[in-house]
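Quick look at my_file26.cif (mmCIF, C-alpha atoms; chains and numbers go by the auth columns):
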```
data_protein
loop_
_atom_site.group_PDB
_atom_site.id
_atom_site.type_symbol
_atom_site.label_atom_id
_atom_site.label_comp_id
_atom_site.label_asym_id
_atom_site.label_seq_id
_atom_site.Cartn_x
_atom_site.Cartn_y
_atom_site.Cartn_z
_atom_site.B_iso_or_equiv
_atom_site.auth_seq_id
_atom_site.auth_asym_id
ATOM 1 C CA MET A 1 85.894 -85.591 -13.690 0.00 1 A
ATOM 2 C CA SER A 2 86.399 -81.860 -14.226 0.00 2 A
ATOM 3 C CA THR A 3 83.896 -79.591 -15.931 0.00 3 A
ATOM 4 C CA ARG A 4 86.255 -79.233 -18.880 0.00 4 A
ATOM 5 C CA GLU A 5 86.218 -83.006 -19.423 0.00 5 A
ATOM 6 C CA ASN A 6 82.450 -83.401 -18.949 0.00 6 A
ATOM 7 C CA PRO A 7 80.418 -82.203 -21.983 0.00 7 A
ATOM 8 C CA ARG A 8 77.092 -82.549 -20.159 0.00 8 A
ATOM 9 C CA ARG A 9 78.298 -80.450 -17.238 0.00 9 A
ATOM 10 C CA ARG A 10 79.606 -77.772 -19.572 0.00 10 A
ATOM 11 C CA ALA A 11 76.290 -77.758 -21.434 0.00 11 A
ATOM 12 C CA LEU A 12 74.441 -77.310 -18.125 0.00 12 A
ATOM 13 C CA LEU A 13 76.718 -74.401 -17.248 0.00 13 A
ATOM 14 C CA ASP A 14 75.904 -72.814 -20.609 0.00 14 A
ATOM 15 C CA VAL A 15 72.179 -73.213 -19.882 0.00 15 A
ATOM 16 C CA LEU A 16 72.575 -71.416 -16.550 0.00 16 A
ATOM 17 C CA ARG A 17 74.571 -68.612 -18.164 0.00 17 A
ATOM 18 C CA ALA A 18 71.938 -68.111 -20.858 0.00 18 A
ATOM 19 C CA ALA A 19 69.029 -68.064 -18.414 0.00 19 A
ATOM 20 C CA PRO A 20 67.679 -64.582 -17.561 0.00 20 A
ATOM 21 C CA ALA A 21 67.073 -65.674 -13.954 0.00 21 A
ATOM 22 C CA PRO A 22 68.273 -68.416 -11.590 0.00 22 A
ATOM 23 C CA LEU A 23 66.950 -71.878 -12.424 0.00 23 A
ATOM 24 C CA GLY A 24 65.601 -74.604 -10.225 0.00 24 A
ATOM 25 C CA VAL A 25 66.447 -78.253 -10.791 0.00 25 A
ATOM 26 C CA ALA A 26 63.200 -78.976 -12.643 0.00 26 A
ATOM 27 C CA GLN A 27 63.635 -75.973 -14.952 0.00 27 A
ATOM 28 C CA ALA A 28 67.224 -76.887 -15.780 0.00 28 A
ATOM 29 C CA ALA A 29 66.250 -80.528 -16.334 0.00 29 A
ATOM 30 C CA GLU A 30 63.523 -79.476 -18.761 0.00 30 A
ATOM 31 C CA ARG A 31 65.915 -77.338 -20.772 0.00 31 A
ATOM 32 C CA MET A 32 68.498 -80.131 -20.826 0.00 32 A
ATOM 33 C CA SER A 33 65.930 -82.885 -21.532 0.00 33 A
ATOM 34 C CA LEU A 34 67.387 -84.863 -18.648 0.00 34 A
ATOM 35 C CA HIS A 35 66.056 -86.461 -15.476 0.00 35 A
ATOM 36 C CA PRO A 36 66.032 -84.019 -12.533 0.00 36 A
ATOM 37 C CA ASN A 37 68.210 -86.336 -10.427 0.00 37 A
ATOM 38 C CA THR A 38 70.878 -86.315 -13.136 0.00 38 A
ATOM 39 C CA VAL A 39 70.769 -82.531 -13.356 0.00 39 A
ATOM 40 C CA ARG A 40 70.869 -82.186 -9.562 0.00 40 A
ATOM 41 C CA PHE A 41 74.030 -84.318 -9.460 0.00 41 A
ATOM 42 C CA HIS A 42 75.788 -82.144 -12.039 0.00 42 A
ATOM 43 C CA LEU A 43 74.592 -78.918 -10.416 0.00 43 A
ATOM 44 C CA GLU A 44 76.081 -79.937 -7.084 0.00 44 A
ATOM 45 C CA ALA A 45 79.363 -80.795 -8.829 0.00 45 A
ATOM 46 C CA LEU A 46 79.396 -77.335 -10.418 0.00 46 A
ATOM 47 C CA VAL A 47 78.744 -75.768 -7.022 0.00 47 A
ATOM 48 C CA ALA A 48 81.661 -77.757 -5.568 0.00 48 A
ATOM 49 C CA ASP A 49 83.886 -76.509 -8.405 0.00 49 A
ATOM 50 C CA GLY A 50 82.966 -72.925 -7.596 0.00 50 A
ATOM 51 C CA LEU A 51 81.344 -72.346 -10.982 0.00 51 A
ATOM 52 C CA VAL A 52 77.728 -72.162 -9.799 0.00 52 A
ATOM 53 C CA GLU A 53 76.023 -70.500 -6.842 0.00 53 A
ATOM 54 C CA ARG A 54 73.156 -72.172 -4.975 0.00 54 A
ATOM 55 C CA ARG A 55 70.655 -70.240 -2.907 0.00 55 A
ATOM 56 C CA THR A 56 67.211 -70.601 -1.423 0.00 56 A
ATOM 57 C CA GLU A 57 64.423 -68.515 -2.928 0.00 57 A
ATOM 58 C CA GLU A 58 61.396 -67.717 -0.842 0.00 58 A
ATOM 59 C CA PRO A 59 58.113 -68.546 -2.604 0.00 59 A
ATOM 60 C CA ALA A 60 55.835 -65.741 -3.770 0.00 60 A
ATOM 61 C CA GLY A 61 52.855 -67.575 -2.298 0.00 61 A
ATOM 62 C CA PRO A 62 52.110 -70.744 -0.371 0.00 62 A
ATOM 63 C CA GLY A 63 54.668 -73.513 -0.634 0.00 63 A
ATOM 64 C CA ARG A 64 58.161 -74.424 0.398 0.00 64 A
ATOM 65 C CA PRO A 65 61.270 -72.377 -0.407 0.00 65 A
ATOM 66 C CA ARG A 66 62.875 -73.319 -3.717 0.00 66 A
ATOM 67 C CA THR A 67 66.543 -74.023 -4.317 0.00 67 A
ATOM 68 C CA VAL A 68 67.823 -72.231 -7.403 0.00 68 A
ATOM 69 C CA TYR A 69 71.153 -72.126 -9.189 0.00 69 A
ATOM 70 C CA THR A 70 72.969 -69.444 -11.123 0.00 70 A
ATOM 71 C CA ALA A 71 76.342 -69.353 -12.869 0.00 71 A
ATOM 72 C CA ARG A 72 79.019 -67.358 -11.081 0.00 72 A
ATOM 73 C CA PRO A 73 80.028 -64.233 -13.019 0.00 73 A
ATOM 74 C CA GLY A 74 83.406 -64.212 -14.680 0.00 74 A
ATOM 75 C CA MET A 75 85.298 -66.093 -17.351 0.00 75 A
ATOM 76 C CA ASP A 76 85.075 -69.885 -17.387 0.00 76 A
ATOM 77 C CA ARG A 77 88.132 -71.203 -15.536 0.00 77 A
ATOM 78 C CA GLY A 78 87.455 -74.741 -16.692 0.00 78 A
ATOM 79 C CA GLY A 79 88.563 -74.083 -20.262 0.00 79 A
ATOM 80 C CA PRO A 80 91.799 -75.320 -21.823 0.00 80 A
ATOM 81 C CA ARG A 81 95.176 -73.666 -21.252 0.00 81 A
ATOM 82 C CA ASP A 82 98.094 -73.328 -23.650 0.00 82 A
ATOM 83 C CA TYR A 83 101.004 -71.752 -21.799 0.00 83 A
ATOM 84 C CA ARG A 84 103.456 -73.433 -24.156 0.00 84 A
ATOM 85 C CA LEU A 85 102.048 -71.387 -27.043 0.00 85 A
ATOM 86 C CA LEU A 86 102.348 -68.243 -24.929 0.00 86 A
ATOM 87 C CA ALA A 87 105.982 -69.065 -24.173 0.00 87 A
ATOM 88 C CA ARG A 88 106.691 -69.662 -27.864 0.00 88 A
ATOM 89 C CA MET A 89 105.122 -66.331 -28.744 0.00 89 A
ATOM 90 C CA LEU A 90 107.252 -64.504 -26.192 0.00 90 A
ATOM 91 C CA LEU A 91 110.417 -66.309 -27.250 0.00 91 A
ATOM 92 C CA SER A 92 109.749 -65.353 -30.857 0.00 92 A
ATOM 93 C CA ARG A 93 110.389 -61.721 -29.920 0.00 93 A
ATOM 94 C CA TRP A 94 113.942 -62.632 -28.964 0.00 94 A
ATOM 95 C CA SER A 95 114.364 -64.968 -31.924 0.00 95 A
ATOM 96 C CA ALA A 96 113.957 -62.077 -34.333 0.00 96 A
ATOM 97 C CA ALA A 97 116.865 -60.185 -32.759 0.00 97 A
ATOM 98 C CA ASP A 98 120.614 -60.647 -33.197 0.00 98 A
ATOM 99 C CA PRO A 99 121.374 -64.142 -31.772 0.00 99 A
ATOM 100 C CA ALA A 100 124.174 -62.986 -29.460 0.00 100 A
ATOM 101 C CA GLU A 101 122.141 -60.034 -28.223 0.00 101 A
ATOM 102 C CA ALA A 102 119.081 -62.229 -27.735 0.00 102 A
ATOM 103 C CA ARG A 103 121.030 -64.747 -25.645 0.00 103 A
ATOM 104 C CA ALA A 104 122.478 -61.933 -23.543 0.00 104 A
ATOM 105 C CA GLU A 105 119.022 -60.507 -22.891 0.00 105 A
ATOM 106 C CA ALA A 106 117.658 -63.956 -22.036 0.00 106 A
ATOM 107 C CA ARG A 107 120.538 -64.525 -19.621 0.00 107 A
ATOM 108 C CA GLU A 108 119.926 -61.172 -17.931 0.00 108 A
ATOM 109 C CA THR A 109 116.233 -61.969 -17.605 0.00 109 A
ATOM 110 C CA GLY A 110 117.199 -65.253 -15.988 0.00 110 A
ATOM 111 C CA ARG A 111 119.502 -63.436 -13.561 0.00 111 A
ATOM 112 C CA THR A 112 116.693 -61.100 -12.558 0.00 112 A
ATOM 113 C CA TRP A 113 114.362 -64.002 -11.827 0.00 113 A
ATOM 114 C CA GLY A 114 117.105 -65.973 -10.098 0.00 114 A
ATOM 115 C CA ARG A 115 117.664 -63.088 -7.707 0.00 115 A
ATOM 116 C CA TYR A 116 113.925 -62.897 -7.116 0.00 116 A
ATOM 117 C CA LEU A 117 113.436 -66.618 -6.473 0.00 117 A
ATOM 118 C CA ALA A 118 116.441 -67.197 -4.216 0.00 118 A
ATOM 119 C CA ASP A 119 116.585 -66.339 -0.521 0.00 119 A
ATOM 120 C CA PRO A 120 119.385 -64.076 0.708 0.00 120 A
ATOM 121 C CA PRO A 121 121.576 -65.291 3.562 0.00 121 A
ATOM 122 C CA ALA A 122 120.673 -64.363 7.114 0.00 122 A
ATOM 123 C CA PRO A 123 122.533 -61.315 8.500 0.00 123 A
ATOM 124 C CA ASP A 124 124.645 -63.528 10.763 0.00 124 A
ATOM 125 C CA GLU A 125 125.315 -66.184 8.143 0.00 125 A
ATOM 126 C CA THR A 126 128.514 -66.412 6.146 0.00 126 A
ATOM 127 C CA PRO A 127 127.805 -68.024 2.773 0.00 127 A
ATOM 128 C CA THR A 128 129.944 -71.068 2.088 0.00 128 A
ATOM 129 C CA PRO A 129 130.231 -73.183 -1.047 0.00 129 A
ATOM 130 C CA GLU A 130 128.406 -76.031 0.680 0.00 130 A
ATOM 131 C CA ARG A 131 125.507 -73.897 1.907 0.00 131 A
ATOM 132 C CA SER A 132 125.209 -72.082 -1.380 0.00 132 A
ATOM 133 C CA THR A 133 125.180 -75.309 -3.346 0.00 133 A
ATOM 134 C CA ALA A 134 122.525 -76.753 -1.055 0.00 134 A
ATOM 135 C CA GLY A 135 120.377 -73.654 -1.539 0.00 135 A
ATOM 136 C CA LEU A 136 120.829 -73.758 -5.298 0.00 136 A
ATOM 137 C CA LEU A 137 119.967 -77.452 -5.479 0.00 137 A
ATOM 138 C CA ALA A 138 116.815 -76.873 -3.424 0.00 138 A
ATOM 139 C CA LEU A 139 115.754 -74.025 -5.704 0.00 139 A
ATOM 140 C CA LEU A 140 116.390 -75.969 -8.906 0.00 140 A
ATOM 141 C CA ASP A 141 114.631 -79.015 -7.510 0.00 141 A
ATOM 142 C CA GLY A 142 111.586 -76.925 -6.636 0.00 142 A
ATOM 143 C CA LEU A 143 111.507 -75.598 -10.198 0.00 143 A
ATOM 144 C CA GLY A 144 111.512 -79.131 -11.607 0.00 144 A
ATOM 145 C CA PHE A 145 115.096 -79.487 -12.865 0.00 145 A
ATOM 146 C CA ALA A 146 115.836 -82.640 -10.818 0.00 146 A
ATOM 147 C CA PRO A 147 119.432 -81.483 -10.137 0.00 147 A
ATOM 148 C CA ARG A 148 122.203 -83.795 -9.007 0.00 148 A
ATOM 149 C CA PRO A 149 125.686 -82.597 -8.030 0.00 149 A
ATOM 150 C CA ASP A 150 128.478 -84.363 -9.870 0.00 150 A
ATOM 151 C CA GLY A 151 130.463 -85.493 -6.837 0.00 151 A
ATOM 152 C CA ASP A 152 130.378 -83.908 -3.390 0.00 152 A
ATOM 153 C CA GLY A 153 133.181 -81.420 -4.096 0.00 153 A
ATOM 154 C CA GLY A 154 134.998 -82.376 -0.907 0.00 154 A
ATOM 155 C CA PRO A 155 134.799 -80.691 2.510 0.00 155 A
ATOM 156 C CA GLY A 156 134.113 -76.967 2.265 0.00 156 A
ATOM 157 C CA ARG A 157 133.897 -77.101 -1.512 0.00 157 A
ATOM 158 C CA SER A 158 131.104 -77.124 -4.040 0.00 158 A
ATOM 159 C CA PRO A 159 130.732 -79.594 -6.899 0.00 159 A
ATOM 160 C CA GLU A 160 132.196 -78.357 -10.142 0.00 160 A
ATOM 161 C CA ARG A 161 129.204 -79.580 -12.107 0.00 161 A
ATOM 162 C CA ILE A 162 125.475 -79.968 -11.537 0.00 162 A
ATOM 163 C CA ARG A 163 123.558 -82.326 -13.758 0.00 163 A
ATOM 164 C CA LEU A 164 120.041 -81.173 -14.593 0.00 164 A
ATOM 165 C CA ARG A 165 118.171 -84.391 -15.283 0.00 165 A
ATOM 166 C CA HIS A 166 114.841 -82.825 -16.186 0.00 166 A
ATOM 167 C CA CYS A 167 113.958 -79.710 -18.118 0.00 167 A
ATOM 168 C CA PRO A 168 110.595 -78.174 -17.244 0.00 168 A
ATOM 169 C CA PHE A 169 110.671 -76.462 -20.656 0.00 169 A
ATOM 170 C CA LEU A 170 112.028 -79.397 -22.646 0.00 170 A
ATOM 171 C CA GLU A 171 110.071 -78.887 -25.873 0.00 171 A
ATOM 172 C CA LEU A 172 110.908 -75.177 -25.928 0.00 172 A
ATOM 173 C CA ALA A 173 114.561 -75.939 -25.202 0.00 173 A
ATOM 174 C CA GLU A 174 114.619 -78.324 -28.160 0.00 174 A
ATOM 175 C CA GLU A 175 113.178 -75.584 -30.384 0.00 175 A
ATOM 176 C CA GLN A 176 114.998 -72.554 -28.956 0.00 176 A
ATOM 177 C CA GLY A 177 117.900 -73.992 -26.988 0.00 177 A
ATOM 178 C CA GLY A 178 120.083 -70.910 -27.316 0.00 178 A
ATOM 179 C CA LEU A 179 117.474 -68.749 -25.613 0.00 179 A
ATOM 180 C CA VAL A 180 116.007 -71.167 -23.079 0.00 180 A
ATOM 181 C CA CYS A 181 119.382 -72.452 -21.907 0.00 181 A
ATOM 182 C CA SER A 182 120.723 -68.885 -21.641 0.00 182 A
ATOM 183 C CA LEU A 183 117.706 -68.106 -19.496 0.00 183 A
ATOM 184 C CA HIS A 184 118.494 -71.104 -17.272 0.00 184 A
ATOM 185 C CA LEU A 185 122.148 -70.131 -16.966 0.00 185 A
ATOM 186 C CA GLY A 186 121.166 -66.622 -15.942 0.00 186 A
ATOM 187 C CA LEU A 187 118.699 -68.060 -13.435 0.00 187 A
ATOM 188 C CA ILE A 188 121.472 -70.022 -11.721 0.00 188 A
ATOM 189 C CA GLN A 189 123.834 -67.043 -11.779 0.00 189 A
ATOM 190 C CA GLY A 190 121.217 -64.700 -10.336 0.00 190 A
ATOM 191 C CA ALA A 191 120.265 -67.144 -7.594 0.00 191 A
ATOM 192 C CA LEU A 192 123.882 -67.611 -6.527 0.00 192 A
ATOM 193 C CA ALA A 193 124.427 -63.844 -6.522 0.00 193 A
ATOM 194 C CA ARG A 194 121.339 -63.330 -4.361 0.00 194 A
ATOM 195 C CA MET A 195 122.614 -65.927 -1.892 0.00 195 A
ATOM 196 C CA GLY A 196 125.971 -64.139 -1.702 0.00 196 A
ATOM 197 C CA ALA A 197 127.570 -67.383 -2.818 0.00 197 A
ATOM 198 C CA PRO A 198 131.342 -67.580 -3.256 0.00 198 A
ATOM 199 C CA LEU A 199 130.771 -69.305 -6.579 0.00 199 A
ATOM 200 C CA THR A 200 128.966 -68.784 -9.862 0.00 200 A
ATOM 201 C CA ALA A 201 127.903 -70.692 -12.949 0.00 201 A
ATOM 202 C CA THR A 202 130.200 -70.172 -15.912 0.00 202 A
ATOM 203 C CA ALA A 203 128.403 -72.290 -18.486 0.00 203 A
ATOM 204 C CA LEU A 204 125.409 -74.506 -19.122 0.00 204 A
ATOM 205 C CA GLU A 205 125.848 -77.327 -21.613 0.00 205 A
ATOM 206 C CA PRO A 206 122.503 -78.203 -23.171 0.00 206 A
ATOM 207 C CA PHE A 207 121.970 -81.960 -23.542 0.00 207 A
ATOM 208 C CA ALA A 208 125.602 -82.581 -22.658 0.00 208 A
ATOM 209 C CA GLU A 209 124.622 -86.134 -21.735 0.00 209 A
ATOM 210 C CA PRO A 210 121.848 -88.340 -23.088 0.00 210 A
ATOM 211 C CA ASP A 211 119.763 -87.712 -19.971 0.00 211 A
ATOM 212 C CA ALA A 212 120.999 -84.385 -18.633 0.00 212 A
ATOM 213 C CA CYS A 213 122.205 -80.858 -19.198 0.00 213 A
ATOM 214 C CA VAL A 214 125.275 -79.824 -17.197 0.00 214 A
ATOM 215 C CA ALA A 215 125.870 -76.568 -15.333 0.00 215 A
ATOM 216 C CA HIS A 216 129.510 -75.725 -14.574 0.00 216 A
ATOM 217 C CA LEU A 217 130.341 -73.925 -11.332 0.00 217 A
ATOM 218 C CA THR A 218 133.498 -72.110 -10.315 0.00 218 A
ATOM 219 C CA ALA A 219 134.647 -70.366 -7.147 0.00 219 A
ATOM 220 C CA THR A 220 134.542 -66.577 -6.891 0.00 220 A
ATOM 221 C CA ALA A 221 135.344 -64.053 -4.215 0.00 221 A
ATOM 222 C CA ALA A 222 132.862 -64.077 -1.378 0.00 222 A
ATOM 223 C CA ALA A 223 130.281 -61.340 -1.429 0.00 223 A
ATOM 224 C CA PRO A 224 130.969 -58.473 0.989 0.00 224 A
#
```

Could you write out this file's structure as structure tokens?
Amino acid sequence: MSTRENPRRRALLDVLRAAPAPLGVAQAAERMSLHPNTVRFHLEALVADGLVERRTEEPAGPGRPRTVYTARPGMDRGGPRDYRLLARMLLSRWSAADPAEARAEARETGRTWGRYLADPPAPDETPTPERSTAGLLALLDGLGFAPRPDGDGGPGRSPERIRLRHCPFLELAEEQGGLVCSLHLGLIQGALARMGAPLTATALEPFAEPDACVAHLTATAAAP
């Protein structure tokens, strides 16, 4: 169980953060009103999570060295995340603009990231529709789109359609389909351009089928 899901462990971390000096097991147990063995178990879990440091403190007088614990400095990384809200906030900047202009900007942003994410061909490699399609499918699969070519396209050809059976931004696409799908179209176009592919994506049909969006590909002149 993570620290975020364990209220007692989070409370122990708060105790360590509030302490003016490192605490031993007995001190922490007293402040938590818990048995020392219970506190020791949670302290070791916090150490394993990288949230707490453990060190040995030499005694000021006679006696054995004492093990003490202190919270690592920095923001708590065990707290909740809400990247969907962040994405909605960023998309809202485009939503306030002219719809056609906003879609164009989203598509260009997608192209930029597509060029960044895709690998260029090797100097001695001549891009072909088959190789380019394979590279595109691998990229989209790694991003979570679960792509499937609609037919094999025949020897030396690419499929004319790619079905995207999963959308990693599904809820956002349902809310802001014009922007999110334009971003995805640009992503595919930018990736194909980076690969020097002799094809491009001309359109992306959102929810064209009950279980998939469909990207349409067409042949272009090979990159020089």

- Choose the residue, out of A:Phe169, A:Gly135, A:Asp211, A:Ala219, that has the smallest atom-to-atom separation from Met195 of chain A; count all atoms listed in the file.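 Closest candidate: A:Gly135.
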
- Item | segment 170-176 of chain A environment, 9 Å, all atoms listed in the file, sequence neighbours closer than 2 positions dropped, as a PyMOL selection string | chain A and resi 84+87-88+91+95+166-168+178-181+206

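Among the candidates A:Val214, A:Glu205, A:Glu160, A:Leu185, the residue lying nearest to Pro147 of chain A is A:Val214 (atoms considered: only C-alpha atoms).
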
- Grab the atom CA of Glu101 of chain A to atom CA of Pro120 of chain A distance for me, in Å with one decimal place.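 Computing the Euclidean distance for atom CA of Glu101 of chain A and atom CA of Pro120 of chain A yields 29.3 Å.
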
- Item | Between atom CA of Phe207 of chain A and atom CA of Arg131 of chain A, distance in Å (one decimal) | 26.9 Å

- Item | Neighbour residues at most 12 Å from (78.5, -69.4, -5.1) (only C-alpha atoms) as a list in words |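 Taken together, the residues in range are Leu43, Glu44, Leu46, Val47, Ala48, Asp49, Gly50, Leu51, Val52, Glu53, Arg54, Arg55, Thr56, Val68, Tyr69, Thr70, Ala71, Arg72, Pro73 and Gly74 of chain A.
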
Filtering to C-alpha atoms, could you give me those residues as an mmCIF file, in the coordinates of the input?
```cif
data_model
loop_
_atom_site.group_PDB
_atom_site.id
_atom_site.type_symbol
_atom_site.label_atom_id
_atom_site.label_comp_id
_atom_site.auth_asym_id
_atom_site.auth_seq_id
_atom_site.Cartn_x
_atom_site.Cartn_y
_atom_site.Cartn_z
ATOM 1 C CA LEU A 43 74.592 -78.918 -10.416
ATOM 2 C CA GLU A 44 76.081 -79.937 -7.084
ATOM 3 C CA LEU A 46 79.396 -77.335 -10.418
ATOM 4 C CA VAL A 47 78.744 -75.768 -7.022
ATOM 5 C CA ALA A 48 81.661 -77.757 -5.568
ATOM 6 C CA ASP A 49 83.886 -76.509 -8.405
ATOM 7 C CA GLY A 50 82.966 -72.925 -7.596
ATOM 8 C CA LEU A 51 81.344 -72.346 -10.982
ATOM 9 C CA VAL A 52 77.728 -72.162 -9.799
ATOM 10 C CA GLU A 53 76.023 -70.500 -6.842
ATOM 11 C CA ARG A 54 73.156 -72.172 -4.975
ATOM 12 C CA ARG A 55 70.655 -70.240 -2.907
ATOM 13 C CA THR A 56 67.211 -70.601 -1.423
ATOM 14 C CA VAL A 68 67.823 -72.231 -7.403
ATOM 15 C CA TYR A 69 71.153 -72.126 -9.189
ATOM 16 C CA THR A 70 72.969 -69.444 -11.123
ATOM 17 C CA ALA A 71 76.342 -69.353 -12.869
ATOM 18 C CA ARG A 72 79.019 -67.358 -11.081
ATOM 19 C CA PRO A 73 80.028 -64.233 -13.019
ATOM 20 C CA GLY A 74 83.406 -64.212 -14.680
#
```

If you apply the PyMOL selection byres ((chain A and resi 114-119) around 10) to this file, what residues do you get, as a compact mmCIF listing (two decimals) with C-alpha atoms, keeping the file's coordinate frame?
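The file below, result.txt, is the result:
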```txt
# COMPACT_ATOMS: atom_id res chain seq x y z
CA GLU A 108 119.93 -61.17 -17.93
CA THR A 109 116.23 -61.97 -17.60
CA GLY A 110 117.20 -65.25 -15.99
CA ARG A 111 119.50 -63.44 -13.56
CA THR A 112 116.69 -61.10 -12.56
CA TRP A 113 114.36 -64.00 -11.83
CA PRO A 120 119.38 -64.08 0.71
CA PRO A 121 121.58 -65.29 3.56
CA ALA A 122 120.67 -64.36 7.11
CA GLY A 135 120.38 -73.65 -1.54
CA LEU A 136 120.83 -73.76 -5.30
CA ALA A 138 116.82 -76.87 -3.42
CA LEU A 139 115.75 -74.03 -5.70
CA LEU A 140 116.39 -75.97 -8.91
CA LEU A 143 111.51 -75.60 -10.20
CA LEU A 183 117.71 -68.11 -19.50
CA HIS A 184 118.49 -71.10 -17.27
CA LEU A 185 122.15 -70.13 -16.97
CA GLY A 186 121.17 -66.62 -15.94
CA LEU A 187 118.70 -68.06 -13.44
CA ILE A 188 121.47 -70.02 -11.72
CA GLN A 189 123.83 -67.04 -11.78
CA GLY A 190 121.22 -64.70 -10.34
CA ALA A 191 120.26 -67.14 -7.59
CA LEU A 192 123.88 -67.61 -6.53
CA ALA A 193 124.43 -63.84 -6.52
CA ARG A 194 121.34 -63.33 -4.36
CA MET A 195 122.61 -65.93 -1.89
CA GLY A 196 125.97 -64.14 -1.70
```

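Applied to this file, the PyMOL selection byres ((chain A and resi 133) around 10) selects Pro127, Thr128, Pro129, Glu130, Arg131, Ser132, Ala134, Gly135, Leu136, Leu137, Ala138, Leu139, Pro149, Arg157, Ser158, Pro159, Ile162, Leu192, Met195, Ala197, Pro198, Leu199, Thr200 and Leu217 of chain A.
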
- Task: Rank nothing, just name the residue among A:Pro7, A:Pro123, A:Pro22, A:Gly142 nearest to His42 of chain A, using all atoms listed in the file.
- Result: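 That would be A:Pro7, the residue with the smallest distance to His42 of chain A.
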
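Computed from the coordinates, the atom CA of Pro99 of chain A to atom CA of Ser182 of chain A distance equals 11.2 Å.
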
- Decode the PyMOL selection byres ((chain A and resi 26-38) around 9) for the given file into explicit residues and return them as an MDAnalysis selection string. chainID A and resid 8 11:12 15:16 23:25 39:43

Output as AutoDock Vina command-line options the centre and edge lengths (Å, one decimal) of the box along x, y and z of the file that holds every listed atom of segment 119-138 of chain A after adding 5 Å on each side.
```
--center_x 123.4 --center_y -69.4 --center_z 2.6 --size_x 23.6 --size_y 26.1 --size_z 26.2
```
